Amino acid sequence: MTNRTTMFASRRSFLAGAVSTAALATTSGATAAFGATTATGKTFPKNFRWGVATAGHQVEGNNVNSDYWLLENIKPTTFAERSGDACDSLHRYEEDIALLAQLGFNAYRLSVEWARIEPNRGKVSIAQLDYYKRVLECCHKHNVAPAVTFIHSTAPRWFAEAGGWLNLESPALFSNYCSVVAKSLGGDMSYAFTMNEPQVQKNFRSIPGAAAGFAKRDQEEIACHEAAALATNSKRFITSNYPDIDGMTPQLIAGHEQGYAAIKAERTNLPVGVTLNIVDFQPANEDSPYLEVRKSACGAWFESIKRAGDFTGAQLYRQIPVPGKGAALPRPAPLPMTENESRISMYSRPEAVRNGLEYVYAETQRPIIITENGIDTENDERRIWYIKAAVASLHEAIGNGIPVLGYFHWSLMDNFEWNQGYKVKYGLVSVDRTTFKRTPKPSASVLGGIARRNAI
């Protein structure tokens, strides 16, 4: 198990008890904003959000003022390749939004790039705010609800030079940015996410024995960040890839809560939450410490959501067995079409969607939006199988009383998957790396059809 932890961590890419829909009455305006949360037969709730997700740095291209851009372009680096032009969505966003609407989706999760909006500390780019306003207006033109993430992993270079999320000033710096964005763009948003899975590192570092699996990778990350500090003549250069997640977590939680307040101050009726990477940790043996692993991975963030969250954003990908000292428990049935897949594919189990939703709701008592779910594969037949099974798992959770407001598939298109570069394929649409031509895969029509019918 320990040898696999670095593989899981490379992508920045979960029990159930009796639940009552009456609990929704105690939450904020999120339920009213999204409509009913009950399903009948094979249908989903009325006004259910069916969407696809992207992130600015991964699709826009040439995010030159960001911290990751520097890490990609120095030596030593932990990135397999540079993001470069990415999918050129910076210039082709109208094509992308029109395409996803044509496929049948009614929502689009995207991020605004802090490094574009505030390229220098305290210096806001009005032109970039105007740019993102045009993107959101394009969503409305195509009857697509824009779901906006304020920070999706990447931050401005100046923020990293100041110590990133290890800097005690970072929550205030982030909340000020949230105020600027919400003031200019909040009126065009359907809902907002302060941060994207800020505890993803904590997930995999919480697995027993994980430290040994992370040792080599941590040394490489530290060397990369030290090279960046030297290149920028700064005392330290800290990004969300830096290994010290325990040191960053207090500032991240404070940043989310202060960012939430800042956004709400500009638009009180905008539903705001944070997305968490939820792993369906299950016992592999008797006496497995899987419950302790769950608490370590997400417990502090669940408490934060209770203080500052209209809903929980859940990113559901994997089920991971946690070993213990007792007798081995029965293993889940083998997954189909995994012969030529990576080992990580063995953990991409669709039942993790239901399990994760039930777990998150039991812990937070907030409505949930699936902000990411998908599978890395070049075999689109396998993606189609996974989509159908995952959506069925989602429907089962809703039928069991879990208030789910929407589902966003990761991703709209094959894109820059962080340290792994472009070899990873999560997209419903392929992108030619030279011409940027978008070509929908058969899976795009399958999920788009489900979205259009609002039924399985």
# chains A, B, ... in the order shown; residues from 1 in each chain; ligands from 1
$ select_by_dssp --residues "segment 185-315 of chain A" --states "strand (DSSP E or B)" --output "list in words"
Tyr191, Ala192, Phe193, Thr194, Met195, Val272, Gly273, Val274, Thr275, Leu276, Asn277, Ile278, Val279, Asp280, Phe281, Gln282, Pro283, Asn285, Phe311, Thr312, Gly313, Ala314 and Gln315 of chain A
$ select_by_dssp --residues "segment 30-213 of chain A" --states "helix (DSSP H, G or I)" --output "PyMOL selection string"
chain A and resi 30-34+56-59+67-72+89-103+114-117+126-141+157-161+164-166+170-188+200-205+210-213
$ write_last_selection --atoms "C-alpha atoms" --output "PDB file, in the first residue's frame"
ATOM      1  CA  ALA A  30     -28.322  26.682  -1.398  1.00  0.00           C
ATOM      2  CA  THR A  31     -31.391  24.450  -1.529  1.00  0.00           C
ATOM      3  CA  ALA A  32     -33.654  27.245  -2.686  1.00  0.00           C
ATOM      4  CA  ALA A  33     -31.133  28.159  -5.362  1.00  0.00           C
ATOM      5  CA  PHE A  34     -31.049  24.673  -6.809  1.00  0.00           C
ATOM      6  CA  GLY A  56      -7.888  27.762 -15.520  1.00  0.00           C
ATOM      7  CA  HIS A  57      -4.243  26.734 -15.400  1.00  0.00           C
ATOM      8  CA  GLN A  58      -5.058  23.354 -16.899  1.00  0.00           C
ATOM      9  CA  VAL A  59      -6.938  24.628 -19.952  1.00  0.00           C
ATOM     10  CA  ASP A  67       3.608  29.864  -9.099  1.00  0.00           C
ATOM     11  CA  TYR A  68       3.225  26.587 -11.017  1.00  0.00           C
ATOM     12  CA  TRP A  69       4.417  28.183 -14.250  1.00  0.00           C
ATOM     13  CA  LEU A  70       7.753  28.866 -12.601  1.00  0.00           C
ATOM     14  CA  LEU A  71       7.975  25.336 -11.151  1.00  0.00           C
ATOM     15  CA  GLU A  72       7.326  23.891 -14.608  1.00  0.00           C
ATOM     16  CA  SER A  89      -9.242  27.991 -23.698  1.00  0.00           C
ATOM     17  CA  LEU A  90      -8.091  31.503 -22.893  1.00  0.00           C
ATOM     18  CA  HIS A  91      -9.034  32.320 -26.475  1.00  0.00           C
ATOM     19  CA  ARG A  92     -11.442  29.454 -27.234  1.00  0.00           C
ATOM     20  CA  TYR A  93     -13.777  29.630 -24.239  1.00  0.00           C
ATOM     21  CA  GLU A  94     -16.762  30.515 -26.447  1.00  0.00           C
ATOM     22  CA  GLU A  95     -16.224  27.337 -28.453  1.00  0.00           C
ATOM     23  CA  ASP A  96     -15.901  25.280 -25.271  1.00  0.00           C
ATOM     24  CA  ILE A  97     -19.052  26.673 -23.644  1.00  0.00           C
ATOM     25  CA  ALA A  98     -21.086  26.289 -26.836  1.00  0.00           C
ATOM     26  CA  LEU A  99     -19.861  22.705 -27.148  1.00  0.00           C
ATOM     27  CA  LEU A 100     -20.756  21.650 -23.616  1.00  0.00           C
ATOM     28  CA  ALA A 101     -24.205  23.230 -23.992  1.00  0.00           C
ATOM     29  CA  GLN A 102     -24.702  21.426 -27.288  1.00  0.00           C
ATOM     30  CA  LEU A 103     -23.773  18.144 -25.620  1.00  0.00           C
ATOM     31  CA  TRP A 114      -5.677  34.754  -9.211  1.00  0.00           C
ATOM     32  CA  ALA A 115      -2.341  35.198 -11.012  1.00  0.00           C
ATOM     33  CA  ARG A 116      -4.100  36.883 -13.934  1.00  0.00           C
ATOM     34  CA  ILE A 117      -6.380  39.068 -11.806  1.00  0.00           C
ATOM     35  CA  ILE A 126      -9.343  45.405 -14.616  1.00  0.00           C
ATOM     36  CA  ALA A 127      -8.820  43.946 -18.083  1.00  0.00           C
ATOM     37  CA  GLN A 128      -8.643  40.415 -16.674  1.00  0.00           C
ATOM     38  CA  LEU A 129     -11.761  40.935 -14.562  1.00  0.00           C
ATOM     39  CA  ASP A 130     -13.491  42.135 -17.726  1.00  0.00           C
ATOM     40  CA  TYR A 131     -12.237  39.029 -19.515  1.00  0.00           C
ATOM     41  CA  TYR A 132     -13.735  36.677 -16.943  1.00  0.00           C
ATOM     42  CA  LYS A 133     -16.964  38.672 -17.009  1.00  0.00           C
ATOM     43  CA  ARG A 134     -17.212  37.915 -20.728  1.00  0.00           C
ATOM     44  CA  VAL A 135     -16.658  34.217 -19.971  1.00  0.00           C
ATOM     45  CA  LEU A 136     -19.504  34.201 -17.437  1.00  0.00           C
ATOM     46  CA  GLU A 137     -21.760  36.156 -19.787  1.00  0.00           C
ATOM     47  CA  CYS A 138     -21.040  33.561 -22.459  1.00  0.00           C
ATOM     48  CA  CYS A 139     -22.246  30.848 -20.068  1.00  0.00           C
ATOM     49  CA  HIS A 140     -25.538  32.680 -19.560  1.00  0.00           C
ATOM     50  CA  LYS A 141     -25.893  33.203 -23.303  1.00  0.00           C
ATOM     51  CA  ARG A 157       4.067  33.985  -8.055  1.00  0.00           C
ATOM     52  CA  TRP A 158       4.292  36.839  -5.558  1.00  0.00           C
ATOM     53  CA  PHE A 159       2.063  34.858  -3.170  1.00  0.00           C
ATOM     54  CA  ALA A 160       4.468  31.883  -3.324  1.00  0.00           C
ATOM     55  CA  GLU A 161       7.472  34.180  -2.876  1.00  0.00           C
ATOM     56  CA  GLY A 164       2.328  30.755   0.137  1.00  0.00           C
ATOM     57  CA  TRP A 165      -0.035  29.102   2.615  1.00  0.00           C
ATOM     58  CA  LEU A 166       2.753  28.902   5.211  1.00  0.00           C
ATOM     59  CA  SER A 170      -2.134  34.319   3.498  1.00  0.00           C
ATOM     60  CA  PRO A 171      -5.783  34.133   4.708  1.00  0.00           C
ATOM     61  CA  ALA A 172      -6.092  37.922   4.591  1.00  0.00           C
ATOM     62  CA  LEU A 173      -4.409  38.090   1.176  1.00  0.00           C
ATOM     63  CA  PHE A 174      -6.802  35.472  -0.169  1.00  0.00           C
ATOM     64  CA  SER A 175      -9.933  37.022   1.330  1.00  0.00           C
ATOM     65  CA  ASN A 176      -9.017  40.402  -0.155  1.00  0.00           C
ATOM     66  CA  TYR A 177      -8.752  38.733  -3.565  1.00  0.00           C
ATOM     67  CA  CYS A 178     -12.132  37.062  -2.977  1.00  0.00           C
ATOM     68  CA  SER A 179     -13.666  40.483  -2.256  1.00  0.00           C
ATOM     69  CA  VAL A 180     -12.301  41.898  -5.501  1.00  0.00           C
ATOM     70  CA  VAL A 181     -13.599  38.999  -7.587  1.00  0.00           C
ATOM     71  CA  ALA A 182     -16.994  38.802  -5.893  1.00  0.00           C
ATOM     72  CA  LYS A 183     -17.543  42.544  -6.244  1.00  0.00           C
ATOM     73  CA  SER A 184     -16.865  42.425  -9.998  1.00  0.00           C
ATOM     74  CA  LEU A 185     -18.153  38.981 -10.945  1.00  0.00           C
ATOM     75  CA  GLY A 186     -20.340  37.671  -8.137  1.00  0.00           C
ATOM     76  CA  GLY A 187     -23.558  38.844  -9.783  1.00  0.00           C
ATOM     77  CA  ASP A 188     -22.869  36.587 -12.763  1.00  0.00           C
ATOM     78  CA  VAL A 200      -5.856  16.417  -1.085  1.00  0.00           C
ATOM     79  CA  GLN A 201      -2.344  15.850   0.252  1.00  0.00           C
ATOM     80  CA  LYS A 202      -3.743  15.075   3.701  1.00  0.00           C
ATOM     81  CA  ASN A 203      -5.869  12.282   2.229  1.00  0.00           C
ATOM     82  CA  PHE A 204      -2.992  10.164   1.079  1.00  0.00           C
ATOM     83  CA  ARG A 205      -0.522  11.126   3.798  1.00  0.00           C
ATOM     84  CA  ALA A 210       2.460   6.579   3.717  1.00  0.00           C
ATOM     85  CA  ALA A 211       5.537   8.477   4.872  1.00  0.00           C
ATOM     86  CA  ALA A 212       7.870   5.932   3.311  1.00  0.00           C
ATOM     87  CA  GLY A 213       6.042   6.188   0.000  1.00  0.00           C
TER      88      GLY A 213
END
$ residues_around --residues "Thr77 of chain A" --least-positions-apart "6" --cutoff "12 Å" --atoms "only C-alpha atoms" --output "list in words"
Tyr68, Trp69, Leu70, Leu71, Arg217, Gln219, Glu220, Glu221, Ile222, Ala223, Cys224, His225, Glu226, Ala227, Ala228, Asn241, Trp418, Asn419 and Gln420 of chain A
$ residues_around --residues "Gly104 of chain A" --least-positions-apart "5" --cutoff "9 Å" --atoms "only C-alpha atoms" --output "number ranges by chain"
A: 50-51, 99, 445, 447-453
$ residues_around --residues "Ala352 of chain A" --least-positions-apart "2" --cutoff "9 Å" --atoms "only C-alpha atoms" --output "list of chain:residue names"
A:Phe14, A:Val279, A:Asp280, A:Phe281, A:Leu316, A:Tyr317, A:Arg318, A:Gln319, A:Ser348, A:Arg349, A:Pro350, A:Arg354, A:Asn355, A:Gly356, A:Leu357, A:Ala390, A:Ser393
$ residues_around --residues "Ala300 of chain A" --least-positions-apart "4" --cutoff "10 Å" --atoms "only C-alpha atoms" --output "PDB file with C-alpha atoms, in the first residue's frame"
ATOM      1  CA  GLN A 199      -6.725  18.759   1.787  1.00  0.00           C
ATOM      2  CA  THR A 249      -3.742  23.609   6.808  1.00  0.00           C
ATOM      3  CA  PRO A 250      -4.503  26.221   9.524  1.00  0.00           C
ATOM      4  CA  ILE A 253      -8.954  26.726   6.685  1.00  0.00           C
ATOM      5  CA  LYS A 295     -10.950  11.748  10.356  1.00  0.00           C
ATOM      6  CA  SER A 296      -7.351  12.731   9.696  1.00  0.00           C
ATOM      7  CA  SER A 304     -14.925  24.343   8.927  1.00  0.00           C
ATOM      8  CA  ILE A 305     -17.794  23.676   6.527  1.00  0.00           C
TER       9      ILE A 305
END
$ residues_around --residues "Asn415 of chain A" --least-positions-apart "6" --cutoff "8 Å" --atoms "only C-alpha atoms" --output "list in words"
Gln58, Val59, Ala86, Cys87, Tyr422, Val424, Lys425, Tyr426, Gly427 and Val431 of chain A
$ closest_residue --among "A:Ala308, A:Ala284, A:Ile375, A:Ile245" --to "Tyr260 of chain A" --atoms "only C-alpha atoms"
A:Ala308
$ closest_residue --among "A:Cys298, A:Arg382, A:Thr312, A:Asn65" --to "Pro336 of chain A" --atoms "only C-alpha atoms"
A:Arg382
$ closest_residue --among "A:Asn233, A:Asn47, A:Thr38, A:Gln282" --to "Asn454 of chain A" --atoms "only C-alpha atoms"
A:Asn47
$ closest_residue --among "A:His152, A:His395, A:Lys235, A:Lys325" --to "Glu286 of chain A" --atoms "only C-alpha atoms"
A:Lys325
$ atom_distance --atom1 "atom CA of Tyr242 of chain A" --atom2 "atom CA of Ala155 of chain A"
12.9 Å
$ closest_residue --among "A:Ala392, A:Asn120, A:Pro440, A:Met413" --to "Lys42 of chain A" --atoms "only C-alpha atoms"
A:Ala392
$ atom_distance --atom1 "atom CA of Asp287 of chain A" --atom2 "atom CA of Pro323 of chain A"
8.4 Å
$ atom_distance --atom1 "atom CA of Gly209 of chain A" --atom2 "atom CA of Gly247 of chain A"
19.9 Å
$ closest_residue --among "A:Pro119, A:Pro146, A:Gly406, A:Gly374" --to "Leu270 of chain A" --atoms "only C-alpha atoms"
A:Pro146
